[in-house]
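Q: If you scroll down you'll find the structure; I have some questions about it.
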Amino acid sequence: MKYLVAISRIFVGVLFIISGFIKLNDPVGFSFKLEEYFSSAVLNLPFFEPYALAISIFVVIFEVILGVFLLIGYKPKFTVWSLFAMILFFTFLTFYSAYFNKVTDCGCFGDAIKLTPWESFTKDVVLLVFIIILLKGIKYIKPILKPLGLTVVSLLSFVACLSFAYYVLMHLPALDFRPYKVGANIIENMIVPDDAPKAEIEYTWTFMVNGNEQQYVTNGSYPSVEGDYVKVDTKVVKEGYEPPIHDFSMEQDGEDYTEDLMSEPKLIMIVMYNLMKTETEGLSKLKSFVNSAEKSGYKVIGITASGVAQQEAINKNHGVNLDFYFCDETALKTIVRSNPGILKIHNGTIQQKVHWNDIFDITFK
């Protein structure tokens with residue numbers, strides 16, 4: 001039992017630290033995932049949505065700290081029971097998501113490792129088993145340092161987590177795992193190869209035959225049935241290839257300008273996914289920045305999911321004349337974890353991407 005506890009201790013501790021650190025690198029992204037869970041379509045807890053970012057930061061720091069506590073043997077009972085409570089909650093959440101198909105990605109490892117709902121649930125069940133082993137053998141979890149050393153390591157870990165969280169909130173994630181990272185070409189990431197696997201879809205047709213409803217299953221073809229059509233239900237049997245970027249577009253007045261704009265050699269794209277939530281301090285920096293960019297020969301555009309009235313209000317209230325394009329809000333949240341966020345693009349390739357705090361770090365060449 002002693003050796004089994006030692007293995008479980010290392011496995012659980014390291015996994016919690018890795019999982020927590022990946023989410024700590026992008027707490028804003030994790031808060032978006034929590035908002036999805038809190039929405040009326042999932043857990044129906046909308047009153048938690050305004051606090052999603054604060055909850056995100058608390059959860060990921062607590063996750064990392066518990067991993068550190070377990071490895072160094074600090075307060076074993078508190079640590080193991082906290083791990084048990086946390087994994088029970090996550091197991092329920094991932095099962096709920098998988099069974100009811102509510103959230104397609106749990107966000108357990110941020111954008112670094114994508115897991116399906118059932119993969120996330122399986123991962124949590126495995127972790128639950130290892131944590132139960134720790135509960136059974138809690139007496140074998142001994143500290144590896146003296147009391148002062150345990151206190152110092154714990155305190156330094158907490159301070160390091162807080163400092164890192166503050167840094168990424170004031171700037172951008174230190175590690176960017178998204179398809180919109182610097183150096184990526186947006187158009188290339190939207191291409192579906194000719195030989196890419198196609199989705200396999202099962203069609204269940206319902207017909208009224210001789211007064212009775214009968215069902216026929218095909219792979220898409222219309223069945224030869226002597227009866228009256230009632231309905232058809234579809235189910236994806238096997239997922240097809242999905243390009244890294246599949247929901248990005250730049251539309252204006254119902255027309256798609258994505259290819260035209262992504263062909264621009266000098267493009268500044270100011271991303272504001274929701275103009276009602278755009279930070280005022282960031283907006284106050286736009287006027288002088290836009291003037292400098294345009295003088296350097298750059299085409300400057302705004303891209304948002306908000307309506308025309310809000311776009312006009314931003315231009316009027318902040319002395320800019322941004323040409324706005326529409327894009328899906330989820331896609332914009334994925335592009336940059338800042339509202340506003342600024343991208344410098346050359347022929348579709350992202351050359352620079354910054355938080356509004358770093359807006360004047362954009363170089364014009």
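Residue numbering restarts at 1 in every chain; chains get A, B, ... in the order shown in the structure tokens, and ligands count up from 1 in that same order.
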Just want the 9 Å neighbourhood of A:Asn185, counted on only C-alpha atoms, with same-chain residues fewer than 3 positions away dropped. Output as a PyMOL selection string.
A: chain A and resi 179-182+188-190+345-350
Q: Once DSSP has gone over the backbone, tell me which residues of stretch 90-236 of chain A are in alpha helix (DSSP H), as an MDAnalysis selection string.
A: chainID A and resid 90:100 117:136 147:170
Q: Identify, with DSSP run on backbone atoms, the residues in stretch 45-251 of chain A assigned to strand (DSSP E or B), and express the list as a count of residues only.
A: 30
Q: Between A:Tyr216, A:Leu135, A:Asp253, A:Trp356, which residue has the minimum interatomic distance to A:Asp323, considering only C-alpha atoms?
A: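 Among A:Tyr216, A:Leu135, A:Asp253, A:Trp356, it is A:Asp253 that comes nearest to A:Asp323.
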Q: Residues at most 8 Å from A:Val12, counting only C-alpha atoms, excluding those fewer than 3 positions away in the same chain, as an mmCIF file with N, CA, C and O atoms, in the first residue's frame?
A:
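Full text of result_15.cif as output:
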```
data_model
loop_
_atom_site.group_PDB
_atom_site.id
_atom_site.type_symbol
_atom_site.label_atom_id
_atom_site.label_comp_id
_atom_site.auth_asym_id
_atom_site.auth_seq_id
_atom_site.Cartn_x
_atom_site.Cartn_y
_atom_site.Cartn_z
ATOM 1 N N SER A 8 0.561 7.068 -6.544
ATOM 2 C CA SER A 8 -0.650 7.884 -6.686
ATOM 3 C C SER A 8 -0.360 9.341 -6.346
ATOM 4 O O SER A 8 -0.852 10.264 -7.006
ATOM 5 N N ARG A 9 0.434 9.546 -5.321
ATOM 6 C CA ARG A 9 0.781 10.906 -4.874
ATOM 7 C C ARG A 9 1.507 11.675 -5.962
ATOM 8 O O ARG A 9 1.167 12.832 -6.253
ATOM 9 N N LEU A 15 -0.196 15.849 -12.169
ATOM 10 C CA LEU A 15 -1.293 16.113 -13.112
ATOM 11 C C LEU A 15 -2.073 17.367 -12.706
ATOM 12 O O LEU A 15 -2.440 18.181 -13.563
ATOM 13 N N PHE A 16 -2.302 17.553 -11.418
ATOM 14 C CA PHE A 16 -3.016 18.750 -10.959
ATOM 15 C C PHE A 16 -2.187 20.011 -11.225
ATOM 16 O O PHE A 16 -2.746 21.051 -11.605
ATOM 17 N N GLY A 67 -1.749 20.506 -5.817
ATOM 18 C CA GLY A 67 -0.746 19.621 -6.399
ATOM 19 C C GLY A 67 0.601 19.765 -5.705
ATOM 20 O O GLY A 67 1.276 18.761 -5.404
ATOM 21 N N LEU A 127 -8.582 9.640 -12.156
ATOM 22 C CA LEU A 127 -8.047 10.465 -11.071
ATOM 23 C C LEU A 127 -8.773 10.175 -9.755
ATOM 24 O O LEU A 127 -8.147 10.139 -8.690
ATOM 25 N N PHE A 130 -7.306 7.132 -8.122
ATOM 26 C CA PHE A 130 -6.008 7.401 -7.493
ATOM 27 C C PHE A 130 -6.170 8.217 -6.204
ATOM 28 O O PHE A 130 -5.440 7.999 -5.224
ATOM 29 N N ILE A 131 -7.123 9.144 -6.180
ATOM 30 C CA ILE A 131 -7.332 9.962 -4.984
ATOM 31 C C ILE A 131 -7.966 9.129 -3.869
ATOM 32 O O ILE A 131 -7.653 9.320 -2.686
#
```
Q: What separation in Å, quoted to one decimal, exists between atom CA of A:Met272 and atom CA of A:Val192?
A: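 Going from atom CA of A:Met272 over to atom CA of A:Val192 covers 27.6 Å.
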Q: Please determine, counting only C-alpha atoms, which residue among A:Gln351, A:Ser249, A:Thr278, A:Asn219 has the shortest atom-to-atom distance to A:Lys266.
A: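 Once distances to A:Lys266 are computed over only C-alpha atoms, the minimum belongs to A:Gln351.
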Q: Taking only C-alpha atoms into account, which of A:Ile132, A:Ile72, A:Ile268, A:Ile191 comes nearest A:Phe324?
A: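 When distances to A:Phe324 are compared using only C-alpha atoms, the smallest one comes from A:Ile268.
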Q: Return the single residue from A:Thr334, A:Thr79, A:Asn339, A:Thr258 that is closest to A:Leu283, with distances computed using only C-alpha atoms.
A: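 Residue with the minimum atom-to-atom distance to A:Leu283: A:Asn339.
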Q: Can you tell me, as a PyMOL selection string, what residues are no more than 9 Å from A:Asp124 when counting only C-alpha atoms, ignoring any on the same chain fewer than 3 positions away?
A: chain A and resi 87-88+90-91+94+119-121+127-129
Q: Which residues, written as a PyMOL selection string, have at least one atom at most 12 Å from A:Asn357, with only C-alpha atoms counted and residues fewer than 3 positions away on the same chain left out?
A: chain A and resi 167-172+279-286+337-342+353-354+360-362
Q: Distance atom CA of A:Glu36-atom CA of A:Ile186, one decimal place?
A: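 Taking atom CA of A:Glu36 as the start and atom CA of A:Ile186 as the end point, the length is 25.5 Å.
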Q: Please measure the separation of atom CA of A:Gly20 and atom CA of A:Phe92, giving the value in Å to one decimal.
A: 18.6 Å
Q: Report as a list in words all protein, DNA and RNA residues lying within 10 Å of A:Ala54, evaluated on only C-alpha atoms, omitting residues in the same chain fewer than 3 positions from it.
A: Pro27, Val28, Ser31, Pro50, Tyr51, Ile57, Phe58 and Val59 of chain A
Q: Do a neighbour search on stretch 140-147 of chain A at 12 Å with only C-alpha atoms, toss out local chain neighbours closer than 6 positions, and write the hits as a list in words.
A: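 The residues satisfying every condition are Met1, Lys2, Tyr3, Leu4, Val5, Ala6, Ile7, Ser8, Arg9, Ile10, Val68, Phe69, Leu70, Leu71, Ile72, Gly73, Tyr74, Lys75, Pro76, Lys77, Phe78, Thr79, Val80, Ile133, Leu134, Val153 and Ser154 of chain A.
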Q: Please, could you write that set of residues out with N, CA and C atoms as a PDB file, in the first residue's frame?
A:
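After the write, selection.pdb holds the following:
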```pdb
ATOM      1  N   MET A   1       0.826  -1.208   0.000  1.00  0.00           N
ATOM      2  CA  MET A   1       0.000   0.000   0.000  1.00  0.00           C
ATOM      3  C   MET A   1       0.865   1.266   0.000  1.00  0.00           C
ATOM      4  N   LYS A   2       1.950   1.207   0.733  1.00  0.00           N
ATOM      5  CA  LYS A   2       2.837   2.362   0.840  1.00  0.00           C
ATOM      6  C   LYS A   2       3.345   2.816  -0.523  1.00  0.00           C
ATOM      7  N   TYR A   3       3.744   1.834  -1.356  1.00  0.00           N
ATOM      8  CA  TYR A   3       4.285   2.166  -2.685  1.00  0.00           C
ATOM      9  C   TYR A   3       3.178   2.619  -3.630  1.00  0.00           C
ATOM     10  N   LEU A   4       1.987   2.049  -3.465  1.00  0.00           N
ATOM     11  CA  LEU A   4       0.848   2.452  -4.293  1.00  0.00           C
ATOM     12  C   LEU A   4       0.457   3.902  -3.986  1.00  0.00           C
ATOM     13  N   VAL A   5       0.521   4.260  -2.709  1.00  0.00           N
ATOM     14  CA  VAL A   5       0.231   5.639  -2.322  1.00  0.00           C
ATOM     15  C   VAL A   5       1.284   6.586  -2.882  1.00  0.00           C
ATOM     16  N   ALA A   6       2.539   6.168  -2.848  1.00  0.00           N
ATOM     17  CA  ALA A   6       3.630   7.011  -3.373  1.00  0.00           C
ATOM     18  C   ALA A   6       3.445   7.283  -4.862  1.00  0.00           C
ATOM     19  N   ILE A   7       3.075   6.226  -5.618  1.00  0.00           N
ATOM     20  CA  ILE A   7       2.845   6.386  -7.063  1.00  0.00           C
ATOM     21  C   ILE A   7       1.642   7.302  -7.302  1.00  0.00           C
ATOM     22  N   SER A   8       0.561   7.068  -6.544  1.00  0.00           N
ATOM     23  CA  SER A   8      -0.650   7.884  -6.686  1.00  0.00           C
ATOM     24  C   SER A   8      -0.360   9.341  -6.346  1.00  0.00           C
ATOM     25  N   ARG A   9       0.434   9.546  -5.321  1.00  0.00           N
ATOM     26  CA  ARG A   9       0.781  10.906  -4.874  1.00  0.00           C
ATOM     27  C   ARG A   9       1.507  11.675  -5.962  1.00  0.00           C
ATOM     28  N   ILE A  10       2.471  11.031  -6.596  1.00  0.00           N
ATOM     29  CA  ILE A  10       3.229  11.693  -7.673  1.00  0.00           C
ATOM     30  C   ILE A  10       2.334  11.936  -8.883  1.00  0.00           C
ATOM     31  N   VAL A  68       0.991  21.002  -5.424  1.00  0.00           N
ATOM     32  CA  VAL A  68       2.247  21.261  -4.716  1.00  0.00           C
ATOM     33  C   VAL A  68       2.173  20.695  -3.294  1.00  0.00           C
ATOM     34  N   PHE A  69       1.069  20.964  -2.593  1.00  0.00           N
ATOM     35  CA  PHE A  69       0.888  20.464  -1.227  1.00  0.00           C
ATOM     36  C   PHE A  69       1.035  18.946  -1.175  1.00  0.00           C
ATOM     37  N   LEU A  70       0.434  18.278  -2.153  1.00  0.00           N
ATOM     38  CA  LEU A  70       0.480  16.809  -2.162  1.00  0.00           C
ATOM     39  C   LEU A  70       1.905  16.305  -2.356  1.00  0.00           C
ATOM     40  N   LEU A  71       2.631  16.918  -3.254  1.00  0.00           N
ATOM     41  CA  LEU A  71       3.998  16.460  -3.537  1.00  0.00           C
ATOM     42  C   LEU A  71       4.933  16.688  -2.354  1.00  0.00           C
ATOM     43  N   ILE A  72       4.778  17.803  -1.650  1.00  0.00           N
ATOM     44  CA  ILE A  72       5.696  18.088  -0.542  1.00  0.00           C
ATOM     45  C   ILE A  72       5.164  17.551   0.790  1.00  0.00           C
ATOM     46  N   GLY A  73       3.912  17.055   0.791  1.00  0.00           N
ATOM     47  CA  GLY A  73       3.357  16.471   2.004  1.00  0.00           C
ATOM     48  C   GLY A  73       2.885  17.479   3.022  1.00  0.00           C
ATOM     49  N   TYR A  74       2.415  18.627   2.558  1.00  0.00           N
ATOM     50  CA  TYR A  74       1.957  19.690   3.461  1.00  0.00           C
ATOM     51  C   TYR A  74       0.469  19.512   3.767  1.00  0.00           C
ATOM     52  N   LYS A  75       0.115  19.443   5.044  1.00  0.00           N
ATOM     53  CA  LYS A  75      -1.274  19.273   5.499  1.00  0.00           C
ATOM     54  C   LYS A  75      -1.989  18.165   4.703  1.00  0.00           C
ATOM     55  N   PRO A  76      -1.559  16.908   4.859  1.00  0.00           N
ATOM     56  CA  PRO A  76      -2.092  15.801   4.044  1.00  0.00           C
ATOM     57  C   PRO A  76      -3.606  15.640   4.083  1.00  0.00           C
ATOM     58  N   LYS A  77      -4.209  15.724   5.295  1.00  0.00           N
ATOM     59  CA  LYS A  77      -5.665  15.520   5.382  1.00  0.00           C
ATOM     60  C   LYS A  77      -6.424  16.598   4.615  1.00  0.00           C
ATOM     61  N   PHE A  78      -6.064  17.847   4.853  1.00  0.00           N
ATOM     62  CA  PHE A  78      -6.718  18.954   4.137  1.00  0.00           C
ATOM     63  C   PHE A  78      -6.528  18.805   2.631  1.00  0.00           C
ATOM     64  N   THR A  79      -5.300  18.479   2.215  1.00  0.00           N
ATOM     65  CA  THR A  79      -4.971  18.385   0.792  1.00  0.00           C
ATOM     66  C   THR A  79      -5.748  17.271   0.109  1.00  0.00           C
ATOM     67  N   VAL A  80      -5.720  16.074   0.690  1.00  0.00           N
ATOM     68  CA  VAL A  80      -6.353  14.918   0.035  1.00  0.00           C
ATOM     69  C   VAL A  80      -7.871  15.063   0.020  1.00  0.00           C
ATOM     70  N   ILE A 133      -7.282   6.040  -3.386  1.00  0.00           N
ATOM     71  CA  ILE A 133      -6.110   5.325  -2.855  1.00  0.00           C
ATOM     72  C   ILE A 133      -5.372   6.213  -1.849  1.00  0.00           C
ATOM     73  N   LEU A 134      -5.248   7.494  -2.183  1.00  0.00           N
ATOM     74  CA  LEU A 134      -4.597   8.429  -1.264  1.00  0.00           C
ATOM     75  C   LEU A 134      -5.385   8.565   0.037  1.00  0.00           C
ATOM     76  N   VAL A 153       7.916  26.890   0.853  1.00  0.00           N
ATOM     77  CA  VAL A 153       7.560  26.388  -0.485  1.00  0.00           C
ATOM     78  C   VAL A 153       6.092  26.677  -0.791  1.00  0.00           C
ATOM     79  N   SER A 154       5.236  26.473   0.195  1.00  0.00           N
ATOM     80  CA  SER A 154       3.803  26.727  -0.002  1.00  0.00           C
ATOM     81  C   SER A 154       3.544  28.197  -0.288  1.00  0.00           C
TER      82      SER A 154
END
```
Q: Of the candidates A:Ala98, A:Tyr222, A:Ala184, A:Lys235, which shows the shortest atom-to-atom distance to A:Val42, using only C-alpha atoms?
A: A:Ala98
